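Structure first, commentary second.
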Amino acid sequence: MAKKHILIVPGDGIGQEVTLVGKKVLDKIATKFNHEFTYDEALIGHVAIEATGVALPDESLEKMRNADAVLFGAVGHPKYDNDPSAKVRPEQGLLKMRKELGLYANLRPIKLFDELLSASSIKPEILKGADILFFRELTGDIYFGEKGRKNDGDTAYDIAEYSRYEVQRIGRKAFEAARTRRKKLCSVDKANVLETSRLWREEIQKLALEYPDVEVEHQFVDSTAMMLIKDPRRFDVVVTANLFGDILTDEASQIAGSMGMLASASIGDGTGVYEPIHGSAHDITGKGIANPLASILSAALLLDISFGMKAESDLVISAVDKVLKEGYRTVDIADATTAKDKILGTAAMGEAVLKFL
Ligand code: NAD
């Protein structure tokens, strides 16, 4: 029996809907395995701005620091998407959370459940068996460098920066993970043009000497984008910088059939944060149709990585697998052959997973 304190941070839009389901799954696991999980909630994003004027209030940050893990939803609101000049923005909460908690590694497992082969826009024979683990660097790069305007506002710039230390610490995590998998690591950069990429490659090459059992390849981001669609099975662990990782993992989400299926873990020096890779999805907010499986799979990652509860985590994944095998689908992963009565809303999909737990 273990005692753990989990902070629930639903954020905005469908984040509110799916995180509730993820929490129910954690609760069920606690009961089943005789653990004691306690919970608290905190604000982030648009809901935090409305309530406090800032996207990540100090109180939320304090709660995050004191928790054993955070189950997070999403941030975002159309109001800001259509107003690029807004000074206070929901995503500032996300970036601040990552920076303040030292979350430098974002792990995104891309694994296709066999039952969803036909839900992907890629041919099943190319997809079957694809299993990729992305390591996206999260606290450096063009997102955090100096940005501004010059020439009376007519020219804009964003500076990309990486230190050797930043590359080493994410690189090491990726090599360690490759060791526990198929022992292949693909480091993605743009070393033919970018200085940050040249430094990135130097550090990965140095690390490779410490991991002779891992086969390393260096690939440019443009050809990686192409290869992910052409032959996704050739990848095992992929490590890359913040901006490239942001784009490539959304592309790779199509391998899994839907954004609604993919979970991620952000880890670093302190509390780990677990979240679906999708955003707040205003187009479907409030309709009760959001796919909660990414949040449920985020809860599975939380159990495994932050609490070391592998059996509990595997049980959650197998419950999701069983639900899909039974033919249950949310609309985003349904296809023309799905029976109408097997299409479930957010809450019902959550209940189906709980049943198989
Ligand atoms: P999005 O991920 O919210 O949605 C993209 C598309 O996928 C939409 O059509 C949506 O309906 C669908 N989708 C996403 N999650 C789904 C789910 N669980 N079930 C069913 N369908 C799902 O991305 P977007 O539309 O580009 O952005 C919307 C807002 O989210 C913006 O404000 C953006 O800034 C924000 N955002 C936040 C995060 C985050 O918090 N980590 C990530 C990406 C985008």
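By convention in this document, the chains of the structure tokens carry letters A, B, ... by their order, each chain's residues are numbered from 1, and ligands are numbered from 1 in the order they are shown.
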Margin query: Can you work out which residues are within 9 Å of ligand 1, considering only C-alpha atoms and all ligand atoms, and then hand them over as a ChimeraX atom specification?
Written below: /A:11-15,18,45,72-81,90-91,94,250,258-262,275-285,289-295,330-333,346
Output C-alpha atoms of each residue in that selection to a file, as a compact mmCIF listing (two decimals), in the first residue's frame.
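again33.txt was written with the following content:
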```txt
# COMPACT_ATOMS: atom_id res chain seq x y z
CA GLY A 11 -7.39 23.77 -17.20
CA ASP A 12 -9.67 24.80 -20.08
CA GLY A 13 -12.18 23.45 -22.59
CA ILE A 14 -12.28 19.65 -22.86
CA GLY A 15 -9.45 19.56 -20.29
CA VAL A 18 -11.41 14.43 -19.78
CA GLY A 45 -4.94 28.83 -18.24
CA PHE A 72 -3.14 17.96 -16.25
CA GLY A 73 -5.77 18.69 -18.93
CA ALA A 74 -5.17 21.48 -21.46
CA VAL A 75 -5.11 25.27 -21.71
CA GLY A 76 -6.51 27.58 -24.36
CA HIS A 77 -9.48 29.70 -25.34
CA PRO A 78 -10.62 31.09 -28.72
CA LYS A 79 -10.54 34.61 -27.30
CA TYR A 80 -6.72 34.53 -27.28
CA ASP A 81 -6.25 32.51 -30.48
CA PRO A 90 -3.39 30.82 -21.20
CA GLU A 91 -0.28 29.15 -22.66
CA LEU A 94 1.86 26.04 -19.37
CA ASP A 250 1.54 16.01 -33.59
CA SER A 258 -6.35 10.48 -33.16
CA MET A 259 -5.05 13.23 -30.91
CA GLY A 260 -7.57 11.88 -28.42
CA MET A 261 -5.50 8.71 -27.89
CA LEU A 262 -2.11 10.12 -27.00
CA GLU A 275 -1.30 15.19 -19.82
CA PRO A 276 -2.99 14.35 -23.11
CA ILE A 277 -1.13 15.84 -26.07
CA HIS A 278 -4.30 17.46 -27.39
CA GLY A 279 -5.39 20.99 -26.58
CA SER A 280 -8.63 22.42 -25.21
CA ALA A 281 -10.56 21.64 -28.45
CA HIS A 282 -13.12 24.46 -28.39
CA ASP A 283 -14.93 22.97 -31.37
CA ILE A 284 -16.21 20.09 -29.22
CA THR A 285 -16.14 21.60 -25.71
CA ILE A 289 -18.02 13.75 -26.97
CA ALA A 290 -14.31 14.32 -26.20
CA ASN A 291 -12.25 11.15 -26.15
CA PRO A 292 -11.03 10.63 -22.55
CA LEU A 293 -8.60 7.82 -23.42
CA ALA A 294 -5.57 10.14 -23.70
CA SER A 295 -6.25 11.37 -20.18
CA THR A 330 -15.70 7.86 -29.23
CA VAL A 331 -16.60 9.71 -32.45
CA ASP A 332 -13.03 10.78 -33.23
CA ILE A 333 -11.87 7.14 -33.52
CA THR A 346 -16.84 11.07 -22.73
```
Hey, could you make a per-residue contact list for region 207-321 of chain A against region 5-9 of chain A with 12 Å as the cut-off, showing the nearest pair of atoms and its distance in Å to one decimal, counting only C-alpha atoms, sorted by chain and number, as JSON lines?
```
{"residue": "A:Thr271", "atom": "CA", "partner": "A:Ile6", "partner_atom": "CA", "distance": 10.0}
{"residue": "A:Gly272", "atom": "CA", "partner": "A:Ile6", "partner_atom": "CA", "distance": 10.4}
{"residue": "A:Val273", "atom": "CA", "partner": "A:Leu7", "partner_atom": "CA", "distance": 9.3}
{"residue": "A:Tyr274", "atom": "CA", "partner": "A:Val9", "partner_atom": "CA", "distance": 9.9}
{"residue": "A:Glu275", "atom": "CA", "partner": "A:Val9", "partner_atom": "CA", "distance": 9.5}
{"residue": "A:Ser295", "atom": "CA", "partner": "A:Ile8", "partner_atom": "CA", "distance": 11.4}
{"residue": "A:Ala299", "atom": "CA", "partner": "A:Ile6", "partner_atom": "CA", "distance": 10.5}
{"residue": "A:Leu302", "atom": "CA", "partner": "A:Ile6", "partner_atom": "CA", "distance": 9.7}
{"residue": "A:Leu303", "atom": "CA", "partner": "A:Ile6", "partner_atom": "CA", "distance": 10.6}
{"residue": "A:Ser306", "atom": "CA", "partner": "A:Ile6", "partner_atom": "CA", "distance": 10.5}
{"residue": "A:Phe307", "atom": "CA", "partner": "A:His5", "partner_atom": "CA", "distance": 10.6}
```
Check: Please, what distance in Å, to one decimal, runs between CA of Ala42 (chain A) and CA of Glu59 (chain A)?
Finding: 7.9 Å
Notebook entry, point to check: In region 74-317 of chain A, what's strand (DSSP E or B) per DSSP? Answer as a PyMOL selection string?
Noted result: chain A and resi 74+105-111+131-137+147-150+155-158+184-189+215-220+237-240+263-267+272-276
Next item on the list: Could you give me the residues within region 37-202 of chain A that DSSP places in alpha helix (DSSP H), as a ChimeraX atom specification?
Entry: /A:46-52,58-66,78-81,90-100,124-127,164-179,195-202
Margin query: When you look at region 165-181 of chain A with a cut-off of 7 Å (counting only C-alpha atoms), what residues show up, excluding the ones that are within fewer than 6 positions of it in the same chain? I need them as an NGL selection string.
Written below: :A and (105 or 135 or 137 or 200 or 203-204 or 214 or 237 or 239)
With all heavy atoms retained, could you export that selection as a tab-separated table (two decimals), in the first residue's frame?
```tsv
chain	number	residue	atom	x	y	z
A	105	ALA	N	11.99	17.18	-19.92
A	105	ALA	CA	11.79	16.08	-20.87
A	105	ALA	C	10.32	15.76	-21.03
A	105	ALA	O	9.63	15.53	-20.04
A	105	ALA	CB	12.54	14.84	-20.41
A	135	PHE	N	11.21	11.67	-27.15
A	135	PHE	CA	11.69	12.53	-26.08
A	135	PHE	C	11.83	13.93	-26.67
A	135	PHE	O	12.73	14.17	-27.48
A	135	PHE	CB	13.06	12.07	-25.55
A	135	PHE	CG	12.96	10.96	-24.56
A	135	PHE	CD1	12.71	9.66	-24.98
A	135	PHE	CD2	13.08	11.21	-23.20
A	135	PHE	CE1	12.60	8.63	-24.06
A	135	PHE	CE2	12.97	10.19	-22.28
A	135	PHE	CZ	12.72	8.89	-22.70
A	137	GLU	N	12.64	17.81	-25.96
A	137	GLU	CA	13.20	18.73	-24.97
A	137	GLU	C	12.16	19.83	-24.74
A	137	GLU	O	11.48	20.27	-25.65
A	137	GLU	CB	14.52	19.32	-25.49
A	137	GLU	CG	15.46	19.83	-24.41
A	137	GLU	CD	15.00	21.11	-23.72
A	137	GLU	OE1	14.30	21.92	-24.40
A	137	GLU	OE2	15.31	21.31	-22.55
A	200	TRP	N	23.83	20.25	-30.53
A	200	TRP	CA	22.98	19.11	-30.16
A	200	TRP	C	23.64	17.81	-30.63
A	200	TRP	O	23.81	16.87	-29.88
A	200	TRP	CB	21.61	19.30	-30.82
A	200	TRP	CG	20.62	18.22	-30.52
A	200	TRP	CD1	20.55	17.01	-31.13
A	200	TRP	CD2	19.58	18.25	-29.54
A	200	TRP	NE1	19.52	16.27	-30.59
A	200	TRP	CE2	18.90	17.02	-29.62
A	200	TRP	CE3	19.14	19.20	-28.62
A	200	TRP	CZ2	17.82	16.69	-28.81
A	200	TRP	CZ3	18.05	18.88	-27.81
A	200	TRP	CH2	17.40	17.64	-27.90
A	203	GLU	N	26.83	16.73	-28.74
A	203	GLU	CA	26.59	16.16	-27.41
A	203	GLU	C	26.01	14.75	-27.49
A	203	GLU	O	26.36	13.89	-26.70
A	203	GLU	CB	25.65	17.07	-26.60
A	203	GLU	CG	26.30	18.36	-26.16
A	203	GLU	CD	27.65	18.15	-25.49
A	203	GLU	OE1	27.75	17.38	-24.52
A	203	GLU	OE2	28.64	18.75	-25.97
A	204	ILE	N	25.13	14.54	-28.46
A	204	ILE	CA	24.54	13.19	-28.61
A	204	ILE	C	25.65	12.21	-29.04
A	204	ILE	O	25.71	11.07	-28.57
A	204	ILE	CB	23.37	13.20	-29.63
A	204	ILE	CG1	22.23	14.12	-29.14
A	204	ILE	CG2	22.84	11.78	-29.88
A	204	ILE	CD1	21.46	13.65	-27.92
A	214	VAL	N	23.56	0.85	-27.73
A	214	VAL	CA	22.43	1.51	-28.41
A	214	VAL	C	22.89	1.98	-29.80
A	214	VAL	O	23.91	2.65	-29.93
A	214	VAL	CB	21.92	2.72	-27.58
A	214	VAL	CG1	20.82	3.47	-28.34
A	214	VAL	CG2	21.43	2.27	-26.22
A	237	VAL	N	13.30	4.83	-30.24
A	237	VAL	CA	13.28	6.06	-29.44
A	237	VAL	C	13.76	7.21	-30.33
A	237	VAL	O	14.72	7.07	-31.07
A	237	VAL	CB	14.19	5.92	-28.19
A	237	VAL	CG1	14.24	7.24	-27.41
A	237	VAL	CG2	13.70	4.80	-27.30
A	239	VAL	N	14.81	11.35	-30.12
A	239	VAL	CA	15.05	12.48	-29.22
A	239	VAL	C	15.26	13.74	-30.06
A	239	VAL	O	15.93	13.71	-31.08
A	239	VAL	CB	16.27	12.20	-28.29
A	239	VAL	CG1	17.57	12.04	-29.07
A	239	VAL	CG2	16.40	13.30	-27.24
```
Next item on the list: Rank A:Lys287, A:Arg98, A:Arg233, A:His35 by their smallest atom-to-atom distance to Glu312 (chain A), using only C-alpha atoms, and report the top residue only.
Entry: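 Using only C-alpha atoms, Glu312 (chain A) sits closest to A:His35.
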Next item on the list: Quick one: pull the distance between CA of Lys342 (chain A) and CA of Ala300 (chain A), Å, one decimal.
Entry: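 The value is 23.9 Å.
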Check: When distances are computed from only C-alpha atoms, which of A:Val323, A:Val193, A:Leu301, A:Leu95 shows the smallest separation from Leu107 (chain A)?
Finding: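 Looking at the shortest contact to Leu107 (chain A), the residue is A:Leu301.
When only C-alpha atoms are used to compute distances to Val21 (chain A), the closest of the residues A:Leu71, A:Lys87, A:His218, A:Tyr157 turns out to be A:Leu71.
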Notebook entry, point to check: Within 8 Å of region 122-127 of chain A, counting only C-alpha atoms, which residues qualify if same-chain residues fewer than 4 places away don't, as a VMD selection string?
Noted result: chain A and resid 112 117 to 118 229 to 233 254 to 255
Item checked: Residue neighbourhood Leu43 (chain A), 9 Å, only C-alpha atoms, exclusion window fewer than 5 positions, as a PyMOL selection string -> chain A and resi 9-11+48-49+51+55-57+59-60
